[in-house]
Amino acid sequence: MAKLSQEELLEQFETLTLIELSEFVKAFEEKFDVTAAAPVAVAAGGGAAAVEAVEEQDEFDVILTGAGEKKIQVIKVVRELTSLGLKEAKDLVDGAPKPVLEKVAKEAAEKAAESLKGAGASVEVK
């Protein structure tokens with residue numbers, strides 16, 4: 001049997017249904033006595049299916065969705081969390097929903113969200 005390249009294997013996986021792909025993964029795990037490090041998701045795009053490995057998220061975005069009633073307090077917290085000046089922080093708060101922090105660790109994102117919520121803002125962590 002000729003060895004298939006990664007591209008050829010991916011082309012073959014594109015033709016599989018979600019159930020067939022799930023059965024393949026189970027058979028692969030049993031044959032090689034391994035477990036998948038990440039679940040496999042199949043997304044349809046333009047009539048063809050693409051295979052993506054879903055990894056555990058390690059970078060988060062903190063998005064300000066609303067300033068609430070204490071806008072000045074929220075601006076102060078935004079300035080503390082970022083290196084923005086007063087005008088830039090005000091513009092960010094006025095332009096909500098906007099990201100305050102991008103691609104930060106989970107702990108930093110949670111701490112920033114907690115600070116913003118404490119100031120009266122509505123926040124979303126993605």
# chains A, B, ... in the order shown; residues from 1 in each chain; ligands from 1
$ residues_around --residues "Ala96 (chain A)" --least-positions-apart "5" --cutoff "7 Å" --atoms "only C-alpha atoms" --output "ChimeraX atom specification"
/A:64-66
$ select_by_dssp --residues "region 8-115 of chain A" --states "alpha helix (DSSP H)" --output "ChimeraX atom specification"
/A:8-14,18-32,71-81,86-94,106-115
$ atom_distance --atom1 "CA of Lys117 (chain A)" --atom2 "CA of Leu81 (chain A)"
13.0 Å
$ select_by_dssp --residues "chain A" --states "strand (DSSP E)" --output "MDAnalysis selection string"
chainID A and resid 40:45 48:53 60:66 98:104 122:125
$ closest_residue --among "A:Lys71, A:Leu21, A:Lys103, A:Phe32" --to "Lys90 (chain A)" --atoms "only C-alpha atoms"
A:Lys71
$ atom_distance --atom1 "CA of Pro97 (chain A)" --atom2 "CA of Val62 (chain A)"
10.3 Å
$ residues_around --residues "Leu101 (chain A)" --least-positions-apart "2" --cutoff "9 Å" --atoms "only C-alpha atoms" --output "PyMOL selection string"
chain A and resi 60-63+81-82+99+103-104+109+112
$ write_last_selection --atoms "N, CA and C atoms" --output "PDB file, in the first residue's frame"
ATOM      1  N   PHE A  60      -7.779  34.524  25.894  1.00  0.00           N
ATOM      2  CA  PHE A  60      -9.129  35.047  25.994  1.00  0.00           C
ATOM      3  C   PHE A  60      -9.146  36.534  25.674  1.00  0.00           C
ATOM      4  N   ASP A  61     -10.305  37.009  25.217  1.00  0.00           N
ATOM      5  CA  ASP A  61     -10.528  38.423  24.969  1.00  0.00           C
ATOM      6  C   ASP A  61     -11.550  38.917  25.983  1.00  0.00           C
ATOM      7  N   VAL A  62     -11.284  40.094  26.558  1.00  0.00           N
ATOM      8  CA  VAL A  62     -12.222  40.723  27.476  1.00  0.00           C
ATOM      9  C   VAL A  62     -12.905  41.836  26.688  1.00  0.00           C
ATOM     10  N   ILE A  63     -14.222  41.707  26.505  1.00  0.00           N
ATOM     11  CA  ILE A  63     -14.955  42.650  25.676  1.00  0.00           C
ATOM     12  C   ILE A  63     -15.934  43.442  26.546  1.00  0.00           C
ATOM     13  N   LEU A  81      -6.274  48.826  33.410  1.00  0.00           N
ATOM     14  CA  LEU A  81      -6.029  47.551  32.739  1.00  0.00           C
ATOM     15  C   LEU A  81      -5.187  47.688  31.479  1.00  0.00           C
ATOM     16  N   THR A  82      -5.243  48.846  30.854  1.00  0.00           N
ATOM     17  CA  THR A  82      -4.537  49.072  29.599  1.00  0.00           C
ATOM     18  C   THR A  82      -3.560  50.221  29.772  1.00  0.00           C
ATOM     19  N   PRO A  99     -13.278  45.352  22.451  1.00  0.00           N
ATOM     20  CA  PRO A  99     -12.358  44.583  23.302  1.00  0.00           C
ATOM     21  C   PRO A  99     -11.475  45.501  24.139  1.00  0.00           C
ATOM     22  N   LYS A 103      -6.262  38.351  23.784  1.00  0.00           N
ATOM     23  CA  LYS A 103      -5.307  37.254  23.868  1.00  0.00           C
ATOM     24  C   LYS A 103      -4.523  37.266  25.184  1.00  0.00           C
ATOM     25  N   VAL A 104      -5.275  37.271  26.298  1.00  0.00           N
ATOM     26  CA  VAL A 104      -4.644  37.219  27.612  1.00  0.00           C
ATOM     27  C   VAL A 104      -4.971  35.878  28.259  1.00  0.00           C
ATOM     28  N   ALA A 109      -7.883  37.470  32.301  1.00  0.00           N
ATOM     29  CA  ALA A 109      -9.182  37.827  31.719  1.00  0.00           C
ATOM     30  C   ALA A 109     -10.265  37.850  32.796  1.00  0.00           C
ATOM     31  N   ALA A 112      -9.712  40.928  35.056  1.00  0.00           N
ATOM     32  CA  ALA A 112     -10.108  42.157  34.380  1.00  0.00           C
ATOM     33  C   ALA A 112     -11.630  42.261  34.299  1.00  0.00           C
TER      34      ALA A 112
END
$ residues_around --residues "Ala121 (chain A)" --least-positions-apart "4" --cutoff "10 Å" --atoms "only C-alpha atoms" --output "list in words"
Leu64, Thr65, Gly66, Ala67, Gly68, Glu69, Lys70, Lys71, Gln73, Val74, Ile75, Val77, Val93, Ala113, Glu114, Ser115, Leu116 and Lys117 of chain A
$ atom_distance --atom1 "CA of Leu16 (chain A)" --atom2 "CA of Leu4 (chain A)"
16.6 Å
$ closest_residue --among "A:Val100, A:Lys126, A:Lys106, A:Thr15" --to "Glu80 (chain A)" --atoms "only C-alpha atoms"
A:Val100
